[in-house]
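Novice: Pasting query05.pdb here (PDB, N, CA and C atoms):
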ATOM      1  N   MET A   1     193.703 132.759 302.186
ATOM      2  CA  MET A   1     192.962 131.558 301.974
ATOM      3  C   MET A   1     191.755 131.556 302.881
ATOM      4  N   GLY A   2     190.808 130.761 302.574
ATOM      5  CA  GLY A   2     189.656 130.662 303.448
ATOM      6  C   GLY A   2     188.401 131.219 302.833
ATOM      7  N   ILE A   3     187.566 131.716 303.690
ATOM      8  CA  ILE A   3     186.279 132.235 303.254
ATOM      9  C   ILE A   3     186.505 133.536 302.507
ATOM     10  N   ARG A   4     186.131 133.564 301.257
ATOM     11  CA  ARG A   4     186.331 134.750 300.430
ATOM     12  C   ARG A   4     185.224 135.760 300.668
ATOM     13  N   SER A   5     183.966 135.256 300.712
ATOM     14  CA  SER A   5     182.859 136.196 300.887
ATOM     15  C   SER A   5     181.605 135.497 301.383
ATOM     16  N   ILE A   6     180.727 136.298 301.974
ATOM     17  CA  ILE A   6     179.393 135.866 302.364
ATOM     18  C   ILE A   6     178.421 136.806 301.659
ATOM     19  N   ASN A   7     177.543 136.252 300.865
ATOM     20  CA  ASN A   7     176.560 137.051 300.147
ATOM     21  C   ASN A   7     175.351 137.238 301.064
ATOM     22  N   TYR A   8     175.237 138.411 301.641
ATOM     23  CA  TYR A   8     174.177 138.676 302.613
ATOM     24  C   TYR A   8     172.801 138.810 301.974
ATOM     25  N   GLN A   9     172.742 138.976 300.671
ATOM     26  CA  GLN A   9     171.445 139.001 299.995
ATOM     27  C   GLN A   9     170.867 137.596 299.884
ATOM     28  N   LEU A  10     171.735 136.605 299.769
ATOM     29  CA  LEU A  10     171.288 135.215 299.705
ATOM     30  C   LEU A  10     171.130 134.585 301.087
ATOM     31  N   CYS A  11     171.882 135.071 302.058
ATOM     32  CA  CYS A  11     171.902 134.493 303.399
ATOM     33  C   CYS A  11     170.589 134.745 304.131
ATOM     34  N   GLU A  12     170.042 133.672 304.700
ATOM     35  CA  GLU A  12     168.805 133.776 305.496
ATOM     36  C   GLU A  12     169.089 133.846 306.990
ATOM     37  N   GLY A  13     170.343 133.675 307.383
ATOM     38  CA  GLY A  13     170.695 133.729 308.792
ATOM     39  C   GLY A  13     170.331 132.464 309.555
ATOM     40  N   CYS A  14     170.361 131.321 308.871
ATOM     41  CA  CYS A  14     169.969 130.061 309.510
ATOM     42  C   CYS A  14     171.000 129.571 310.524
ATOM     43  N   GLY A  15     172.260 129.985 310.373
ATOM     44  CA  GLY A  15     173.311 129.600 311.308
ATOM     45  C   GLY A  15     173.963 128.265 311.019
ATOM     46  N   THR A  16     173.612 127.632 309.919
ATOM     47  CA  THR A  16     174.199 126.339 309.568
ATOM     48  C   THR A  16     175.707 126.445 309.419
ATOM     49  N   CYS A  17     176.182 127.492 308.796
ATOM     50  CA  CYS A  17     177.620 127.674 308.574
ATOM     51  C   CYS A  17     178.371 127.783 309.899
ATOM     52  N   VAL A  18     177.783 128.477 310.850
ATOM     53  CA  VAL A  18     178.409 128.645 312.164
ATOM     54  C   VAL A  18     178.474 127.297 312.882
ATOM     55  N   GLN A  19     177.423 126.530 312.794
ATOM     56  CA  GLN A  19     177.377 125.218 313.443
ATOM     57  C   GLN A  19     178.325 124.223 312.790
ATOM     58  N   GLU A  20     178.490 124.291 311.481
ATOM     59  CA  GLU A  20     179.315 123.333 310.751
ATOM     60  C   GLU A  20     180.815 123.605 310.851
ATOM     61  N   CYS A  21     181.197 124.825 311.141
ATOM     62  CA  CYS A  21     182.623 125.184 311.148
ATOM     63  C   CYS A  21     183.352 124.537 312.330
ATOM     64  N   PRO A  22     184.305 123.632 312.048
ATOM     65  CA  PRO A  22     185.030 122.978 313.135
ATOM     66  C   PRO A  22     186.076 123.866 313.801
ATOM     67  N   MET A  23     186.427 124.970 313.163
ATOM     68  CA  MET A  23     187.463 125.861 313.694
ATOM     69  C   MET A  23     186.899 127.122 314.331
ATOM     70  N   ASP A  24     185.591 127.262 314.400
ATOM     71  CA  ASP A  24     184.946 128.411 315.042
ATOM     72  C   ASP A  24     185.325 129.733 314.370
ATOM     73  N   VAL A  25     185.405 129.702 313.042
ATOM     74  CA  VAL A  25     185.787 130.889 312.268
ATOM     75  C   VAL A  25     184.630 131.882 312.163
ATOM     76  N   LEU A  26     183.429 131.362 312.055
ATOM     77  CA  LEU A  26     182.251 132.204 311.864
ATOM     78  C   LEU A  26     181.487 132.407 313.166
ATOM     79  N   ARG A  27     180.882 133.546 313.288
ATOM     80  CA  ARG A  27     180.020 133.874 314.428
ATOM     81  C   ARG A  27     178.759 134.554 313.904
ATOM     82  N   MET A  28     177.717 134.529 314.685
ATOM     83  CA  MET A  28     176.472 135.203 314.314
ATOM     84  C   MET A  28     176.469 136.614 314.899
ATOM     85  N   ASP A  29     176.114 137.574 314.079
ATOM     86  CA  ASP A  29     175.946 138.956 314.525
ATOM     87  C   ASP A  29     174.554 139.060 315.128
ATOM     88  N   GLN A  30     174.472 139.413 316.390
ATOM     89  CA  GLN A  30     173.193 139.441 317.083
ATOM     90  C   GLN A  30     172.264 140.540 316.560
ATOM     91  N   SER A  31     172.817 141.611 316.030
ATOM     92  CA  SER A  31     171.964 142.699 315.535
ATOM     93  C   SER A  31     171.378 142.400 314.156
ATOM     94  N   THR A  32     172.176 141.796 313.274
ATOM     95  CA  THR A  32     171.694 141.517 311.915
ATOM     96  C   THR A  32     171.179 140.091 311.751
ATOM     97  N   LYS A  33     171.500 139.220 312.715
ATOM     98  CA  LYS A  33     171.124 137.794 312.640
ATOM     99  C   LYS A  33     171.743 137.106 311.427
ATOM    100  N   LYS A  34     172.939 137.550 311.058
ATOM    101  CA  LYS A  34     173.679 136.991 309.927
ATOM    102  C   LYS A  34     175.083 136.609 310.404
ATOM    103  N   PRO A  35     175.722 135.643 309.736
ATOM    104  CA  PRO A  35     177.083 135.261 310.133
ATOM    105  C   PRO A  35     178.112 136.277 309.659
ATOM    106  N   PHE A  36     179.219 136.318 310.368
ATOM    107  CA  PHE A  36     180.343 137.135 309.929
ATOM    108  C   PHE A  36     181.632 136.368 310.220
ATOM    109  N   ILE A  37     182.687 136.743 309.533
ATOM    110  CA  ILE A  37     183.975 136.069 309.675
ATOM    111  C   ILE A  37     184.703 136.685 310.867
ATOM    112  N   LYS A  38     184.884 135.892 311.905
ATOM    113  CA  LYS A  38     185.531 136.381 313.121
ATOM    114  C   LYS A  38     187.026 136.069 313.131
ATOM    115  N   TYR A  39     187.401 134.848 312.757
ATOM    116  CA  TYR A  39     188.806 134.428 312.816
ATOM    117  C   TYR A  39     189.240 133.836 311.479
ATOM    118  N   LEU A  40     189.438 134.675 310.489
ATOM    119  CA  LEU A  40     189.775 134.228 309.140
ATOM    120  C   LEU A  40     191.046 133.392 309.105
ATOM    121  N   ARG A  41     192.036 133.751 309.872
ATOM    122  CA  ARG A  41     193.310 133.022 309.852
ATOM    123  C   ARG A  41     193.177 131.586 310.348
ATOM    124  N   ASP A  42     192.127 131.297 311.092
ATOM    125  CA  ASP A  42     191.919 129.938 311.595
ATOM    126  C   ASP A  42     191.239 129.028 310.575
ATOM    127  N   CYS A  43     190.758 129.594 309.479
ATOM    128  CA  CYS A  43     190.052 128.808 308.470
ATOM    129  C   CYS A  43     191.000 127.797 307.836
ATOM    130  N   GLN A  44     190.555 126.538 307.790
ATOM    131  CA  GLN A  44     191.358 125.451 307.245
ATOM    132  C   GLN A  44     190.899 125.012 305.852
ATOM    133  N   ASN A  45     190.054 125.785 305.222
ATOM    134  CA  ASN A  45     189.554 125.487 303.877
ATOM    135  C   ASN A  45     188.897 124.111 303.806
ATOM    136  N   CYS A  46     188.106 123.775 304.797
ATOM    137  CA  CYS A  46     187.425 122.475 304.776
ATOM    138  C   CYS A  46     186.171 122.517 303.905
ATOM    139  N   PHE A  47     185.714 123.711 303.562
ATOM    140  CA  PHE A  47     184.563 123.931 302.689
ATOM    141  C   PHE A  47     183.232 123.475 303.300
ATOM    142  N   LEU A  48     183.199 123.139 304.588
ATOM    143  CA  LEU A  48     181.951 122.689 305.209
ATOM    144  C   LEU A  48     180.896 123.791 305.230
ATOM    145  N   CYS A  49     181.298 125.014 305.478
ATOM    146  CA  CYS A  49     180.334 126.121 305.505
ATOM    147  C   CYS A  49     179.724 126.323 304.117
ATOM    148  N   GLU A  50     180.573 126.295 303.098
ATOM    149  CA  GLU A  50     180.100 126.493 301.722
ATOM    150  C   GLU A  50     179.218 125.323 301.276
ATOM    151  N   ARG A  51     179.623 124.116 301.554
ATOM    152  CA  ARG A  51     178.878 122.929 301.104
ATOM    153  C   ARG A  51     177.533 122.773 301.807
ATOM    154  N   ASN A  52     177.449 123.201 303.063
ATOM    155  CA  ASN A  52     176.222 122.999 303.827
ATOM    156  C   ASN A  52     175.286 124.202 303.837
ATOM    157  N   CYS A  53     175.691 125.307 303.244
ATOM    158  CA  CYS A  53     174.818 126.485 303.184
ATOM    159  C   CYS A  53     173.644 126.184 302.245
ATOM    160  N   PRO A  54     172.415 126.236 302.750
ATOM    161  CA  PRO A  54     171.270 125.904 301.907
ATOM    162  C   PRO A  54     171.043 126.875 300.753
ATOM    163  N   ASN A  55     171.554 128.094 300.868
ATOM    164  CA  ASN A  55     171.344 129.106 299.830
ATOM    165  C   ASN A  55     172.598 129.426 299.036
ATOM    166  N   LYS A  56     173.674 128.679 299.291
ATOM    167  CA  LYS A  56     174.946 128.905 298.586
ATOM    168  C   LYS A  56     175.411 130.350 298.721
ATOM    169  N   ALA A  57     175.346 130.863 299.947
ATOM    170  CA  ALA A  57     175.689 132.261 300.204
ATOM    171  C   ALA A  57     177.155 132.464 300.589
ATOM    172  N   ILE A  58     177.894 131.366 300.775
ATOM    173  CA  ILE A  58     179.293 131.465 301.191
ATOM    174  C   ILE A  58     180.189 130.935 300.088
ATOM    175  N   TYR A  59     181.282 131.676 299.828
ATOM    176  CA  TYR A  59     182.261 131.244 298.844
ATOM    177  C   TYR A  59     183.611 131.103 299.538
ATOM    178  N   VAL A  60     184.167 129.902 299.500
ATOM    179  CA  VAL A  60     185.479 129.616 300.080
ATOM    180  C   VAL A  60     186.457 129.396 298.935
ATOM    181  N   THR A  61     187.619 130.001 299.036
ATOM    182  CA  THR A  61     188.635 129.852 298.007
ATOM    183  C   THR A  61     189.722 128.891 298.479
ATOM    184  N   PRO A  62     190.204 128.040 297.612
ATOM    185  CA  PRO A  62     191.287 127.136 297.998
ATOM    186  C   PRO A  62     192.662 127.790 297.907
ATOM    187  N   TYR A  63     192.719 129.002 297.408
ATOM    188  CA  TYR A  63     193.998 129.670 297.173
ATOM    189  C   TYR A  63     194.412 130.529 298.348
ATOM    190  N   ARG A  64     195.709 130.581 298.553
ATOM    191  CA  ARG A  64     196.249 131.440 299.600
ATOM    192  C   ARG A  64     196.170 132.878 299.111
ATOM    193  N   GLU A  65     195.697 133.723 299.981
ATOM    194  CA  GLU A  65     195.620 135.129 299.603
ATOM    195  C   GLU A  65     196.156 135.981 300.735
ATOM    196  N   ARG A  66     196.510 137.174 300.385
ATOM    197  CA  ARG A  66     197.051 138.093 301.373
ATOM    198  C   ARG A  66     196.097 139.259 301.489
ATOM    199  N   ARG A  67     195.528 139.406 302.664
ATOM    200  CA  ARG A  67     194.561 140.485 302.869
ATOM    201  C   ARG A  67     195.205 141.641 303.616
ATOM    202  N   VAL A  68     194.836 142.832 303.218
ATOM    203  CA  VAL A  68     195.326 144.035 303.881
ATOM    204  C   VAL A  68     194.384 144.307 305.042
ATOM    205  N   PRO A  69     194.921 144.462 306.260
ATOM    206  CA  PRO A  69     194.050 144.740 307.390
ATOM    207  C   PRO A  69     193.316 146.067 307.205
ATOM    208  N   SER A  70     192.067 146.076 307.594
ATOM    209  CA  SER A  70     191.299 147.320 307.477
ATOM    210  C   SER A  70     191.602 148.229 308.655
ATOM    211  N   ALA A  71     191.434 149.499 308.450
ATOM    212  CA  ALA A  71     191.694 150.473 309.487
ATOM    213  C   ALA A  71     190.658 150.350 310.590
ATOM    214  N   PHE A  72     191.040 150.685 311.792
ATOM    215  CA  PHE A  72     190.126 150.657 312.940
ATOM    216  C   PHE A  72     189.041 151.707 312.731
ATOM    217  N   SER A  73     187.811 151.317 312.985
ATOM    218  CA  SER A  73     186.726 152.294 312.907
ATOM    219  C   SER A  73     185.908 152.181 314.174
ATOM    220  N   ALA A  74     185.556 153.307 314.729
ATOM    221  CA  ALA A  74     184.786 153.339 315.962
ATOM    222  C   ALA A  74     183.366 152.865 315.691
ATOM    223  N   ALA A  75     182.804 152.177 316.651
ATOM    224  CA  ALA A  75     181.424 151.698 316.508
ATOM    225  C   ALA A  75     180.466 152.883 316.515
ATOM    226  N   GLU A  76     179.473 152.785 315.694
ATOM    227  CA  GLU A  76     178.516 153.890 315.590
ATOM    228  C   GLU A  76     177.442 153.758 316.630
TER     229      GLU A  76
END
Just dump the structure as structure tokens.
Specialist:
Amino acid sequence: MGIRSINYQLCEGCGTCVQECPMDVLRMDQSTKKPFIKYLRDCQNCFLCERNCPNKAIYVTPYRERRVPSAFSAAE
């Protein structure tokens, strides 16, 4: 459940989603100046990030989903 995706082609990096999130799920990536999902399990499906995104770049799903953890990858 929670944030399903962030469309980085639509995202301008305004940071509204990060500011609106009451659970601190999203953070800004300093290198790309775009938000990323830091704590997905903390998402409460409040839809504030999706509703307040000026470009509609975030999609939140109301359904519970089970995600497979990705393998560890070394930073480049």
Novice: Translate the PyMOL selection byres ((chain A and resi 41) around 8) into a concrete residue list for this structure, as a list of chain:residue names.
Specialist: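 Output of the PyMOL selection byres ((chain A and resi 41) around 8): A:Met1, A:Gly2, A:Ile3, A:Val25, A:Ile37, A:Lys38, A:Tyr39, A:Leu40, A:Asp42, A:Cys43, A:Gln44.
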Novice: Give the centre and edge lengths of an axis-aligned box, in Å to one decimal, that holds all listed atoms of region 2-17 of chain A with 5 Å on each side, as lines of an AutoDock Vina configuration file.
Specialist:
center_x = 179.8
center_y = 132.7
center_z = 305.5
size_x = 32.0
size_y = 22.7
size_z = 21.6
Novice: One decimal, in Å: what's the spacing between CA of Val60 (chain A) and CA of Ile6 (chain A)?
Specialist: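 Taking CA of Val60 (chain A) as the start and CA of Ile6 (chain A) as the end point, the length is 9.0 Å.
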Novice: Please determine, counting only C-alpha atoms, which residue among A:Val18, A:Met23, A:Met28, A:Cys11 has the shortest atom-to-atom distance to Asn45 (chain A).
Specialist: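 Counting only C-alpha atoms, the residue closest to Asn45 (chain A) is A:Met23.
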Novice: Using only C-alpha atoms, which of the listed residues (A:Thr61, A:Arg27, A:Leu48, A:Pro35) sits closest to Leu10 (chain A)?
Specialist: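 Selected residue with least distance to Leu10 (chain A): A:Pro35.
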Novice: Hey, can you check how far atom C of Arg51 (chain A) sits from CA of Asp29 (chain A)?
Specialist: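 About the pair atom C of Arg51 (chain A) and CA of Asp29 (chain A): they are 20.6 Å apart.
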Novice: Which parts of chain A does DSSP call alpha helix (DSSP H) when run on the backbone here, written out as a compact mmCIF listing (two decimals) with N, CA and C atoms, in the frame of the given file?
Specialist:
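So part-v5.txt came out as:
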# COMPACT_ATOMS: atom_id res chain seq x y z
N THR A 16 173.61 127.63 309.92
CA THR A 16 174.20 126.34 309.57
C THR A 16 175.71 126.44 309.42
N CYS A 17 176.18 127.49 308.80
CA CYS A 17 177.62 127.67 308.57
C CYS A 17 178.37 127.78 309.90
N VAL A 18 177.78 128.48 310.85
CA VAL A 18 178.41 128.65 312.16
C VAL A 18 178.47 127.30 312.88
N GLN A 19 177.42 126.53 312.79
CA GLN A 19 177.38 125.22 313.44
C GLN A 19 178.32 124.22 312.79
N GLU A 20 178.49 124.29 311.48
CA GLU A 20 179.32 123.33 310.75
C GLU A 20 180.82 123.60 310.85
N LEU A 48 183.20 123.14 304.59
CA LEU A 48 181.95 122.69 305.21
C LEU A 48 180.90 123.79 305.23
N CYS A 49 181.30 125.01 305.48
CA CYS A 49 180.33 126.12 305.50
C CYS A 49 179.72 126.32 304.12
N GLU A 50 180.57 126.30 303.10
CA GLU A 50 180.10 126.49 301.72
C GLU A 50 179.22 125.32 301.28
N ARG A 51 179.62 124.12 301.55
CA ARG A 51 178.88 122.93 301.10
C ARG A 51 177.53 122.77 301.81
N ASN A 52 177.45 123.20 303.06
CA ASN A 52 176.22 123.00 303.83
C ASN A 52 175.29 124.20 303.84
Novice: How many Å separate atom C of Thr16 (chain A) from atom N of Asn52 (chain A)?
Specialist: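 So the answer is 7.3 Å.
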Novice: With all atoms listed in the file as the counted atoms, please give the residues lying no more than 6.5 Å from Glu12 (chain A), apart from itself and same-chain residues fewer than 4 positions off, as a list in words.
Specialist: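 Neighbouring residues, sequence-local ones excluded: Tyr8, Lys33 and Lys34 of chain A.
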Novice: Could you write out, as a list in words, all the residues of chain A that DSSP marks as strand (DSSP E)?
Specialist: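 Of chain A, the ones in strand (DSSP E) are Gly2, Ile3, Arg4, Ser5, Ile6, Leu26, Arg27, Met28, Asp29, Lys34, Pro35, Phe36, Ile37, Ile58, Tyr59, Val60 and Thr61 of chain A.
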Novice: Given all atoms listed in the file as the basis, pick out the residue of A:Cys49, A:Tyr63, A:Pro54, A:Asn7 nearest to Gln19 (chain A).
Specialist: A:Cys49
Novice: Calculated over only C-alpha atoms, which of the candidates A:Ala57, A:Pro62, A:Leu26, A:Thr32 has the smallest distance to Gln9 (chain A)?
Specialist: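 Of A:Ala57, A:Pro62, A:Leu26, A:Thr32, the one nearest Gln9 (chain A) is A:Ala57, counting only C-alpha atoms.
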